[in-house]
file query_34.txt (compact mmCIF, C-alpha atoms)
# COMPACT_ATOMS: atom_id res chain seq x y z
CA MET S 220 105.46 52.60 112.07
CA SER S 221 102.10 53.59 110.60
CA THR S 222 102.03 54.93 107.06
CA ASP S 223 100.43 58.02 108.56
CA ASN S 224 103.74 59.05 110.09
CA TYR S 225 106.84 60.43 108.43
CA VAL S 226 110.09 58.54 108.86
CA ILE S 227 112.19 60.17 111.56
CA ASP S 228 115.92 60.65 111.13
CA HIS S 229 118.54 63.32 111.80
CA ARG S 230 116.95 65.72 109.31
CA ASN S 231 113.52 66.10 110.85
CA LYS S 232 113.97 64.92 114.44
CA VAL S 233 112.91 67.55 116.99
CA LYS S 234 115.93 67.64 119.25
CA ARG S 235 115.14 70.52 121.59
CA VAL S 236 112.17 69.72 123.88
CA PRO S 237 111.29 66.42 122.11
CA LYS S 238 107.82 66.27 123.68
CA ARG S 239 106.86 69.23 121.46
CA GLY S 240 107.64 67.21 118.31
CA PHE S 241 105.02 65.45 116.12
CA TYR S 242 105.57 63.31 113.04
CA ASP S 243 102.04 62.31 112.04
CA LYS S 244 100.53 63.57 108.81
CA GLU S 245 97.33 64.74 110.51
CA THR S 246 99.20 67.22 112.72
CA VAL S 247 101.54 68.31 109.91
CA TYR S 248 98.68 68.84 107.42
CA LYS S 249 96.60 70.81 109.93
CA ILE S 250 99.43 73.30 110.48
CA LEU S 251 100.16 73.54 106.75
CA ASP S 252 96.47 74.13 106.01
CA ASP S 253 96.26 76.93 108.58
CA GLY S 254 98.82 78.98 106.65
CA CYS S 255 99.32 80.26 103.13
CA VAL S 256 102.90 81.55 103.09
CA CYS S 257 105.90 79.31 103.69
CA HIS S 258 109.60 80.06 103.88
CA LEU S 259 111.35 77.95 101.27
CA SER S 260 115.10 77.41 101.48
CA PHE S 261 117.49 76.02 98.91
CA VAL S 262 121.22 76.04 98.21
CA MET S 263 122.83 77.76 95.23
CA ASP S 264 126.62 77.54 94.85
CA GLY S 265 126.88 76.62 98.52
CA GLN S 266 124.96 79.72 99.61
CA PRO S 267 121.65 79.22 101.45
CA PHE S 268 118.65 81.24 100.29
CA VAL S 269 115.27 81.55 101.96
CA ILE S 270 112.28 83.09 100.23
CA PRO S 271 108.69 83.61 101.42
CA THR S 272 106.21 82.16 98.97
CA LEU S 273 102.58 81.12 98.68
CA TYR S 274 101.69 77.45 98.63
CA GLY S 275 98.81 75.03 98.44
CA ARG S 276 98.55 71.45 99.67
CA HIS S 277 96.84 68.48 98.04
CA GLU S 278 97.30 65.18 99.88
CA ASN S 279 101.05 64.72 100.44
CA LYS S 280 102.09 67.31 97.84
CA LEU S 281 102.73 71.03 98.07
CA TYR S 282 102.47 73.41 95.11
CA PHE S 283 104.23 76.74 94.51
CA HIS S 284 104.13 79.10 91.60
CA GLY S 285 106.17 81.91 90.25
CA ALA S 286 107.18 83.67 87.09
CA ALA S 287 108.79 81.11 84.81
CA SER S 288 111.84 83.40 84.74
CA SER S 289 112.33 83.79 88.52
CA ARG S 290 115.41 82.66 90.43
CA LEU S 291 113.34 80.50 92.76
CA ILE S 292 111.82 78.60 89.87
CA LYS S 293 115.03 78.38 87.82
CA ASN S 294 116.78 76.77 90.76
CA LEU S 295 114.09 74.50 92.04
CA GLU S 296 112.95 73.11 88.71
CA GLN S 297 116.24 71.22 88.55
CA GLY S 298 114.94 68.94 91.28
CA VAL S 299 117.15 70.18 94.12
CA GLU S 300 116.60 69.43 97.78
CA VAL S 301 114.56 72.06 99.59
CA CYS S 302 113.53 72.63 103.15
CA LEU S 303 110.54 74.76 104.00
CA ALA S 304 108.90 75.96 107.17
CA VAL S 305 105.40 77.18 108.02
CA THR S 306 105.08 78.91 111.38
CA HIS S 307 102.09 80.27 113.29
CA ILE S 308 102.86 82.57 116.22
CA ASP S 309 100.10 82.09 118.80
CA GLY S 310 101.37 84.18 121.68
CA LEU S 311 104.08 85.63 123.88
CA VAL S 312 104.70 83.63 127.06
CA LEU S 313 105.76 85.84 129.96
CA ALA S 314 107.46 84.01 132.82
CA ARG S 315 108.78 85.24 136.16
CA SER S 316 112.37 84.79 135.03
CA ALA S 317 113.92 86.18 131.86
CA PHE S 318 115.19 82.66 131.13
CA HIS S 319 111.76 81.02 130.94
CA HIS S 320 110.13 83.53 128.60
CA SER S 321 108.88 81.76 125.51
CA MET S 322 106.44 81.84 122.60
CA ASN S 323 103.43 79.72 121.80
CA TYR S 324 103.65 78.51 118.23
CA ARG S 325 102.79 75.77 115.76
CA SER S 326 105.42 75.09 113.14
CA VAL S 327 106.16 72.54 110.46
CA VAL S 328 109.43 71.82 108.69
CA VAL S 329 109.21 69.90 105.39
CA PHE S 330 111.96 68.22 103.35
CA GLY S 331 111.71 67.09 99.75
CA LYS S 332 112.60 67.78 96.15
CA ALA S 333 110.56 70.05 93.93
CA LYS S 334 109.82 69.31 90.30
CA LEU S 335 108.24 71.32 87.53
CA VAL S 336 104.56 70.64 86.81
CA ALA S 337 103.94 69.84 83.13
CA ASP S 338 101.94 72.35 81.10
CA SER S 339 98.92 70.03 81.12
CA GLY S 340 98.81 70.01 84.95
CA LYS S 341 99.40 73.70 85.61
CA ASN S 342 95.79 74.85 85.67
CA GLU S 343 94.78 72.21 88.24
CA ALA S 344 97.87 72.88 90.40
CA LEU S 345 97.18 76.63 90.40
CA LYS S 346 93.63 75.88 91.49
CA VAL S 347 95.07 73.91 94.45
CA ILE S 348 97.03 76.99 95.53
CA SER S 349 94.04 79.29 95.05
CA ASP S 350 91.68 76.93 96.94
CA HIS S 351 94.20 76.65 99.75
CA ILE S 352 94.29 80.41 100.26
CA ILE S 353 90.66 81.29 99.58
CA PRO S 354 88.34 78.38 98.81
CA ASP S 355 85.94 78.79 95.86
CA ARG S 356 87.53 82.02 94.63
CA TRP S 357 88.80 80.18 91.55
CA GLU S 358 85.27 79.65 90.23
CA GLU S 359 84.39 83.35 90.63
CA VAL S 360 87.15 84.82 88.48
CA ARG S 361 88.37 85.07 84.92
CA GLN S 362 90.30 81.85 84.20
CA PRO S 363 93.96 81.80 83.10
CA THR S 364 94.66 82.16 79.39
CA GLY S 365 97.19 80.01 77.59
CA LYS S 366 99.62 82.92 77.60
CA GLU S 367 99.22 83.45 81.35
CA LEU S 368 99.77 79.74 82.02
CA LYS S 369 102.90 79.82 79.89
CA ALA S 370 104.31 82.74 81.89
CA THR S 371 103.69 80.89 85.15
CA ALA S 372 105.86 78.04 86.37
CA VAL S 373 104.36 75.66 88.92
CA LEU S 374 106.39 73.42 91.18
CA GLU S 375 105.26 70.27 92.93
CA LEU S 376 106.96 69.06 96.08
CA THR S 377 106.18 65.62 97.44
CA ILE S 378 106.62 65.78 101.20
CA ASP S 379 109.43 63.34 101.80
CA GLN S 380 109.90 64.02 105.50
CA ALA S 381 108.34 66.48 107.89
CA SER S 382 107.95 67.27 111.54
CA ALA S 383 105.71 69.57 113.51
CA LYS S 384 106.57 71.41 116.71
CA ILE S 385 103.97 72.88 119.01
CA ARG S 386 104.21 74.92 122.21
CA GLU S 387 101.03 75.93 123.98
CA GLY S 388 99.84 76.96 127.42
CA GLY S 389 101.22 79.17 130.16
CA PRO S 390 104.74 79.84 131.41
CA VAL S 391 106.69 77.14 133.21
CA ASP S 392 108.85 78.72 135.89
CA ASP S 393 111.41 77.34 138.29
CA GLU S 394 109.70 76.31 141.51
CA PRO S 395 111.34 78.96 143.77
CA ASP S 396 110.27 81.75 141.37
CA TYR S 397 106.51 81.22 141.84
CA ILE S 398 106.46 83.27 145.05
CA LEU S 399 108.02 86.32 143.35
CA ASP S 400 105.80 89.38 142.87
CA ILE S 401 106.14 89.24 139.09
CA TRP S 402 103.18 89.15 136.71
CA ALA S 403 103.22 86.05 134.50
CA GLY S 404 100.89 84.91 131.75
CA VAL S 405 100.33 84.75 128.03
CA ILE S 406 99.58 87.47 125.49
CA PRO S 407 97.74 85.54 122.75
CA MET S 408 98.34 86.59 119.15
CA LYS S 409 96.08 86.03 116.15
CA HIS S 410 96.57 86.71 112.46
CA LEU S 411 93.14 88.02 111.54
CA PHE S 412 91.33 89.09 108.40
CA GLN S 413 89.89 92.60 108.57
CA ALA S 414 86.87 94.03 106.74
CA PRO S 415 87.36 93.79 102.95
CA ILE S 416 88.24 96.95 101.03
CA VAL S 417 86.53 97.22 97.65
CA ASP S 418 88.78 98.10 94.71
CA GLU S 419 88.18 101.75 93.87
CA LYS S 420 88.24 100.83 90.19
CA MET S 421 85.08 98.70 90.48
CA THR S 422 82.72 99.98 87.79
CA LYS S 423 79.56 98.61 89.49
CA GLU S 424 78.39 97.92 92.99
CA LEU S 425 78.67 94.16 93.47
CA HIS S 426 77.93 92.05 96.54
CA ILE S 427 80.85 90.64 98.50
CA PRO S 428 81.33 87.23 96.85
CA ASN S 429 80.76 83.92 98.63
CA SER S 430 84.46 83.10 98.79
CA VAL S 431 85.14 86.23 100.84
CA LYS S 432 82.03 85.83 102.96
CA ASN S 433 82.92 82.22 103.81
CA LEU S 434 86.51 83.14 104.63
CA LEU S 435 85.36 85.78 107.11
CA ASP S 436 82.63 83.49 108.51
CA SER S 437 85.11 80.67 109.11
CA GLN S 438 87.26 83.12 111.06
CA GLU S 439 84.26 84.15 113.18
CA ARG S 440 83.61 80.51 114.02
CA ALA S 441 87.25 79.72 114.85
CA MET P 131 126.03 104.90 96.99
CA SER P 132 125.11 106.18 100.43
CA THR P 133 126.37 104.25 103.45
CA ASP P 134 122.73 103.89 104.43
CA ASN P 135 122.15 101.40 101.62
CA TYR P 136 123.26 97.80 101.35
CA VAL P 137 125.45 96.84 98.41
CA ILE P 138 123.35 95.22 95.70
CA ASP P 139 124.54 92.14 93.86
CA HIS P 140 123.12 88.82 92.62
CA ARG P 141 122.43 87.64 96.18
CA ASN P 142 120.05 90.33 97.34
CA LYS P 143 118.81 91.92 94.11
CA VAL P 144 115.02 91.85 93.82
CA LYS P 145 114.58 90.41 90.33
CA ARG P 146 110.82 89.91 90.10
CA VAL P 147 108.97 93.26 90.06
CA PRO P 148 112.09 95.36 90.80
CA LYS P 149 110.04 98.43 91.79
CA ARG P 150 109.00 96.53 94.93
CA GLY P 151 112.64 96.22 96.04
CA PHE P 152 114.34 98.45 98.64
CA TYR P 153 117.96 98.41 99.80
CA ASP P 154 118.08 101.20 102.37
CA LYS P 155 118.67 100.43 106.02
CA GLU P 156 115.71 102.51 107.18
CA THR P 157 113.22 100.35 105.26
CA VAL P 158 114.98 97.10 106.15
CA TYR P 159 115.17 97.98 109.87
CA LYS P 160 111.52 99.03 110.03
CA ILE P 161 110.37 95.65 108.69
CA LEU P 162 112.77 93.76 110.98
CA ASP P 163 111.55 95.77 113.97
CA ASP P 164 107.91 94.99 113.20
CA GLY P 165 108.54 91.27 113.67
CA CYS P 166 109.98 88.97 116.29
CA VAL P 167 110.31 85.60 114.51
CA CYS P 168 112.54 85.09 111.49
CA HIS P 169 113.16 82.06 109.30
CA LEU P 170 116.87 81.30 109.39
CA SER P 171 118.39 79.05 106.74
CA PHE P 172 121.79 77.40 106.63
CA VAL P 173 123.47 74.53 104.82
CA MET P 174 124.66 71.33 106.51
CA ASP P 175 126.35 68.67 104.37
CA GLY P 176 124.81 70.24 101.27
CA GLN P 177 121.28 70.02 102.71
CA PRO P 178 119.37 73.27 103.28
CA PHE P 179 117.64 73.76 106.63
CA VAL P 180 115.23 76.49 107.64
CA ILE P 181 114.20 77.08 111.23
CA PRO P 182 111.87 79.67 112.77
CA THR P 183 113.57 81.54 115.60
CA LEU P 184 113.23 84.67 117.72
CA TYR P 185 115.56 87.59 117.10
CA GLY P 186 116.41 91.07 118.25
CA ARG P 187 118.08 93.91 116.35
CA HIS P 188 120.61 96.44 117.59
CA GLU P 189 121.96 98.78 114.91
CA ASN P 190 123.22 96.61 112.04
CA LYS P 191 123.35 93.40 114.09
CA LEU P 192 120.79 90.70 114.76
CA TYR P 193 120.87 88.43 117.81
CA PHE P 194 119.49 84.90 118.23
CA HIS P 195 119.58 82.55 121.15
CA GLY P 196 119.13 78.87 121.76
CA ALA P 197 120.19 76.02 123.96
CA ALA P 198 123.97 75.74 123.76
CA SER P 199 123.43 72.14 122.66
CA SER P 200 120.98 72.79 119.78
CA ARG P 201 121.64 71.94 116.14
CA LEU P 202 121.02 75.51 115.07
CA ILE P 203 123.63 76.84 117.45
CA LYS P 204 126.16 74.06 116.84
CA ASN P 205 126.08 74.77 113.13
CA LEU P 206 125.96 78.52 113.15
CA GLU P 207 128.62 79.11 115.76
CA GLN P 208 131.17 77.90 113.22
CA GLY P 209 130.65 81.14 111.34
CA VAL P 210 128.78 79.74 108.35
CA GLU P 211 126.83 81.80 105.83
CA VAL P 212 123.17 82.17 106.68
CA CYS P 213 120.21 83.72 104.96
CA LEU P 214 117.15 84.77 106.90
CA ALA P 215 113.78 86.21 106.07
CA VAL P 216 111.20 88.19 108.01
CA THR P 217 107.78 88.43 106.38
CA HIS P 218 104.62 90.31 107.32
CA ILE P 219 101.45 89.28 105.50
CA ASP P 220 99.26 92.37 105.20
CA GLY P 221 96.42 91.11 103.06
CA LEU P 222 94.98 89.01 100.27
CA VAL P 223 94.63 90.85 96.97
CA LEU P 224 91.62 89.67 94.96
CA ALA P 225 91.74 90.54 91.29
CA ARG P 226 89.23 89.95 88.48
CA SER P 227 91.48 87.31 86.90
CA ALA P 228 93.00 84.31 88.66
CA PHE P 229 96.37 85.39 87.24
CA HIS P 230 96.46 88.79 88.96
CA HIS P 231 95.59 87.59 92.47
CA SER P 232 98.34 88.57 94.88
CA MET P 233 99.25 89.29 98.50
CA ASN P 234 100.19 92.50 100.24
CA TYR P 235 103.34 91.94 102.26
CA ARG P 236 106.51 93.46 103.65
CA SER P 237 109.52 91.16 103.68
CA VAL P 238 113.23 91.37 104.29
CA VAL P 239 115.95 88.92 103.29
CA VAL P 240 119.27 89.20 105.14
CA PHE P 241 122.65 87.66 104.34
CA GLY P 242 125.61 87.34 106.71
CA LYS P 243 127.65 85.13 108.95
CA ALA P 244 126.73 84.42 112.54
CA LYS P 245 129.26 84.22 115.35
CA LEU P 246 129.00 83.17 118.96
CA VAL P 247 128.68 85.98 121.52
CA ALA P 248 131.32 85.71 124.28
CA ASP P 249 130.10 84.89 127.80
CA SER P 250 130.71 88.49 128.88
CA GLY P 251 128.33 89.83 126.24
CA LYS P 252 125.51 87.31 126.59
CA ASN P 253 123.43 89.16 129.15
CA GLU P 254 123.36 92.36 127.08
CA ALA P 255 122.60 90.46 123.85
CA LEU P 256 119.70 88.60 125.49
CA LYS P 257 118.35 91.93 126.66
CA VAL P 258 118.40 93.13 123.03
CA ILE P 259 116.21 90.14 122.04
CA SER P 260 113.87 90.68 124.99
CA ASP P 261 113.56 94.44 124.35
CA HIS P 262 112.89 93.76 120.67
CA ILE P 263 109.93 91.49 121.49
CA ILE P 264 108.50 93.30 124.50
CA PRO P 265 110.24 96.51 125.55
CA ASP P 266 110.96 96.99 129.26
CA ARG P 267 109.97 93.43 130.21
CA TRP P 268 113.63 92.68 131.03
CA GLU P 269 113.62 95.09 133.97
CA GLU P 270 110.46 93.52 135.46
CA VAL P 271 111.68 89.94 135.77
CA ARG P 272 114.14 87.76 137.64
CA GLN P 273 117.52 88.17 135.90
CA PRO P 274 119.48 85.24 134.40
CA THR P 275 121.75 83.32 136.74
CA GLY P 276 125.27 82.28 135.75
CA LYS P 277 124.02 78.74 135.19
CA GLU P 278 121.20 79.93 132.91
CA LEU P 279 123.57 82.08 130.90
CA LYS P 280 125.91 79.12 130.51
CA ALA P 281 123.10 76.93 129.15
CA THR P 282 122.17 79.62 126.60
CA ALA P 283 124.16 80.27 123.47
CA VAL P 284 123.76 83.65 121.79
CA LEU P 285 124.61 84.36 118.19
CA GLU P 286 125.38 87.72 116.61
CA LEU P 287 124.86 88.29 112.91
CA THR P 288 126.20 91.44 111.30
CA ILE P 289 123.90 92.25 108.39
CA ASP P 290 126.22 92.00 105.42
CA GLN P 291 123.59 92.44 102.72
CA ALA P 292 119.84 92.78 102.78
CA SER P 293 116.89 93.75 100.68
CA ALA P 294 113.28 94.53 101.43
CA LYS P 295 110.31 93.82 99.21
CA ILE P 296 106.94 95.49 99.66
CA ARG P 297 103.61 95.08 97.90
CA GLU P 298 100.72 97.27 98.94
CA GLY P 299 97.46 98.58 97.57
CA GLY P 300 94.67 97.11 95.47
CA PRO P 301 94.63 94.64 92.60
CA VAL P 302 96.09 95.52 89.22
CA ASP P 303 94.06 93.89 86.48
CA ASP P 304 94.42 93.75 82.74
CA GLU P 305 92.57 96.66 81.15
CA PRO P 306 89.85 94.58 79.39
CA ASP P 307 88.99 92.79 82.68
CA TYR P 308 87.80 95.94 84.49
CA ILE P 309 84.37 95.74 82.92
CA LEU P 310 83.77 92.17 84.15
CA ASP P 311 81.15 91.65 86.87
CA ILE P 312 83.70 90.26 89.32
CA TRP P 313 84.23 91.64 92.81
CA ALA P 314 87.80 92.83 93.36
CA GLY P 315 89.51 94.26 96.39
CA VAL P 316 91.74 93.57 99.34
CA ILE P 317 91.14 91.55 102.51
CA PRO P 318 93.58 93.17 104.97
CA MET P 319 95.27 90.91 107.52
CA LYS P 320 96.74 91.89 110.89
CA HIS P 321 98.72 89.92 113.43
CA LEU P 322 97.18 91.22 116.65
CA PHE P 323 97.75 90.81 120.36
CA GLN P 324 94.67 89.68 122.28
CA ALA P 325 93.74 90.32 125.93
CA PRO P 326 96.45 88.89 128.24
CA ILE P 327 95.70 85.65 130.11
CA VAL P 328 97.02 85.61 133.67
CA ASP P 329 99.00 82.50 134.66
CA GLU P 330 96.73 80.37 136.84
CA LYS P 331 99.68 79.71 139.11
CA MET P 332 99.93 83.37 140.16
CA THR P 333 99.89 83.38 143.96
CA LYS P 334 98.72 87.01 144.28
CA GLU P 335 96.66 89.41 142.23
CA LEU P 336 99.11 91.71 140.51
CA HIS P 337 98.45 94.57 138.09
CA ILE P 338 99.22 94.00 134.41
CA PRO P 339 102.81 95.27 134.18
CA ASN P 340 103.86 98.33 132.19
CA SER P 341 105.59 96.27 129.51
CA VAL P 342 102.34 94.49 128.64
CA LYS P 343 100.25 97.65 128.95
CA ASN P 344 102.58 99.55 126.61
CA LEU P 345 102.65 96.72 124.08
CA LEU P 346 98.85 96.69 123.90
CA ASP P 347 98.67 100.51 123.84
CA SER P 348 101.13 100.72 120.97
CA GLN P 349 98.93 98.30 119.03
CA GLU P 350 95.86 100.47 119.72
CA ARG P 351 97.69 103.49 118.35
CA ALA P 352 98.98 101.69 115.24
call {"tool": "encode", "arguments": {"input": "query_34.txt", "output": "structure tokens"}}
result
Amino acid sequence: MSTDNYVIDHRNKVKRVPKRGFYDKETVYKILDDGCVCHLSFVMDGQPFVIPTLYGRHENKLYFHGAASSRLIKNLEQGVEVCLAVTHIDGLVLARSAFHHSMNYRSVVVFGKAKLVADSGKNEALKVISDHIIPDRWEEVRQPTGKELKATAVLELTIDQASAKIREGGPVDDEPDYILDIWAGVIPMKHLFQAPIVDEKMTKELHIPNSVKNLLDSQERA
Amino acid sequence: MSTDNYVIDHRNKVKRVPKRGFYDKETVYKILDDGCVCHLSFVMDGQPFVIPTLYGRHENKLYFHGAASSRLIKNLEQGVEVCLAVTHIDGLVLARSAFHHSMNYRSVVVFGKAKLVADSGKNEALKVISDHIIPDRWEEVRQPTGKELKATAVLELTIDQASAKIREGGPVDDEPDYILDIWAGVIPMKHLFQAPIVDEKMTKELHIPNSVKNLLDSQERA
């Protein structure tokens, strides 16, 4: 197996509709990079928890941040196993039968252990998260102070295993159903940025910064 | 405490920024009803798993479906504790400092145990999921056969505890930062339906059905 694929076992194997499963890093990274919020799950006293949280990716590592005092951080900094998912909903798939209705989506499930980033690495890790969400914003803003860095905990997760699952295209109906007089097709869905709203507390009129302009331009081109 | 609120304890208490936390059913239901995919987490042999899945809500119950043979179903039908989250990303919040950057979002975390829906209740439960995603579509399509119902497992989760968390509005910066020449504001985000794409295998030209028309109209009005 190429080093560009994750090892497949019972944890990450796509069991339902195996042809929709992918295990290569290129596919996994592309889906991770298209999102900015993941759902991170962990176990505490046998109870599962799942929490939405921002992330950034650098190579085979994901970064998360939170208040140093938060439950998420307190639990994960102990190096416990986590599972996280990133999901993009691309459309509703309307078939001729109720049974064959579906969704178009791109999702990734990641397994690994998180560990706390040392104080010396926090600034760089936070920049990874910021760059992931809105490239070049980091350079435009007031940098973190020592006190702010201290109040922020940053976690690093090396992606141990992962799999992607993708469904695309139109409905797939049972052969006899194609003659039915029932409309079938796809309603595409897109998560889109809207026109920026300037903070009413701005004391001067400033141009929209490059980071925002580029973000909106890249959406136009997509 | 009113019966319209969930009991608050360590599981569902919003610890970070408590003023963003809500425990009333009205708020929780509204956020659940605005989505159609949740992230469902459960524990198997001590390992957390999180899986994106469709859902529907009826009163204080959520319904999920899957192939009767799937891992999700096999695990959850045993009546294990689950935690699920539904998250809507409403915008990026750009502050003057890196530290105060944020997101606008509406999220719900739900706790409870899932149980298998008996064969006699499956059809009605599947209709709840269908109506949740696209109202009135169920009546337009070819109904499930006995064989299809048999191949589908449906789970019912009574919402035992839940909490909602909402962040809205502009950035909140530290007082001394307001004079800085840094653009601040919000980039709103919306998950939008696009123009429907007719299945190329349609044998006749049929009008867009009411379910699709109403879904798009309700988005226009929102």
call {"tool": "residues_around", "arguments": {"input": "query_34.txt", "residues": "segment 282-296 of chain P", "least_positions_apart": "6", "cutoff": "7 Å", "atoms": "all atoms listed in the file", "output": "PyMOL selection string"}}
result
chain P and resi 136-137+142+150-153+157-158+190-198+203+235-247+252
call {"tool": "closest_residue", "arguments": {"input": "query_34.txt", "among": "S:Asp228, S:Leu273, S:Asn429, S:Met263", "to": "Met233 of chain P", "atoms": "all atoms listed in the file"}}
result
S:Leu273
call {"tool": "closest_atom_pairs", "arguments": {"input": "query_34.txt", "of": "chain P", "to": "chain S", "cutoff": "7 Å", "atoms": "all atoms listed in the file", "output": "tab-separated table"}}
result
residue	atom	partner	partner_atom	distance
P:Arg146	CA	S:Ser289	CA	6.5
P:His169	CA	S:His258	CA	6.8
P:Ser171	CA	S:Pro267	CA	6.2
P:Phe172	CA	S:Pro267	CA	5.5
P:Val173	CA	S:Pro267	CA	6.1
P:Gln177	CA	S:Glu300	CA	6.8
P:Pro178	CA	S:Phe261	CA	5.5
P:Phe179	CA	S:Cys302	CA	5.5
P:Val180	CA	S:Cys302	CA	6.2
P:Ile181	CA	S:Ala304	CA	6.8
P:Pro182	CA	S:Thr306	CA	7.0
P:Ser200	CA	S:Arg235	CA	6.5
P:Glu211	CA	S:Gln266	CA	6.8
P:Val212	CA	S:Pro267	CA	6.2
P:Cys213	CA	S:Phe268	CA	5.5
P:Leu214	CA	S:Val269	CA	6.2
P:Ala215	CA	S:Val269	CA	6.4
P:Thr217	CA	S:Pro271	CA	7.0
P:Arg226	CA	S:Val360	CA	5.5
P:Ser227	CA	S:Arg361	CA	4.3
P:Ala228	CA	S:Gln362	CA	5.8
P:Phe229	CA	S:Pro363	CA	6.0
P:Trp268	CA	S:Ala317	CA	6.6
P:Val271	CA	S:Ser316	CA	5.2
P:Arg272	CA	S:Ser316	CA	4.3
P:Gln273	CA	S:Ala317	CA	5.8
P:Pro274	CA	S:Phe318	CA	6.0
P:Glu278	CA	S:Phe318	CA	6.8
P:Gly300	CA	S:Asp418	CA	6.0
P:Ile309	CA	S:Thr422	CA	6.7
P:Ile312	CA	S:Val360	CA	6.5
P:Trp313	CA	S:Leu425	CA	6.1
P:Ala314	CA	S:Asp418	CA	5.5
P:Gly315	CA	S:Asp418	CA	4.3
P:Val316	CA	S:Ile416	CA	5.2
P:Ile317	CA	S:Pro415	CA	4.4
P:Pro318	CA	S:Gln413	CA	5.2
P:Met319	CA	S:Phe412	CA	4.4
P:Lys320	CA	S:Leu411	CA	5.3
P:His321	CA	S:His410	CA	4.0
P:Leu322	CA	S:Lys409	CA	5.3
P:Phe323	CA	S:Met408	CA	4.4
P:Gln324	CA	S:Pro407	CA	5.2
P:Ala325	CA	S:Ile406	CA	6.5
P:Pro326	CA	S:Ile406	CA	4.4
P:Ile327	CA	S:Val405	CA	5.2
P:Val328	CA	S:Gly404	CA	4.4
P:Asp329	CA	S:Gly404	CA	4.2
P:Thr333	CA	S:Ile398	CA	6.7
P:Leu336	CA	S:Trp402	CA	6.1
P:Ile338	CA	S:Trp402	CA	6.7
P:Pro339	CA	S:Trp402	CA	6.6
call {"tool": "atom_distance", "arguments": {"input": "query_34.txt", "atom1": "atom CA of Lys277 of chain P", "atom2": "atom CA of Asp393 of chain S"}}
result
13.1 Å
call {"tool": "atom_distance", "arguments": {"input": "query_34.txt", "atom1": "atom CA of Lys249 of chain S", "atom2": "atom CA of Glu278 of chain S"}}
result
11.5 Å
call {"tool": "atom_distance", "arguments": {"input": "query_34.txt", "atom1": "atom CA of Glu343 of chain S", "atom2": "atom CA of Ser430 of chain S"}}
result
18.3 Å
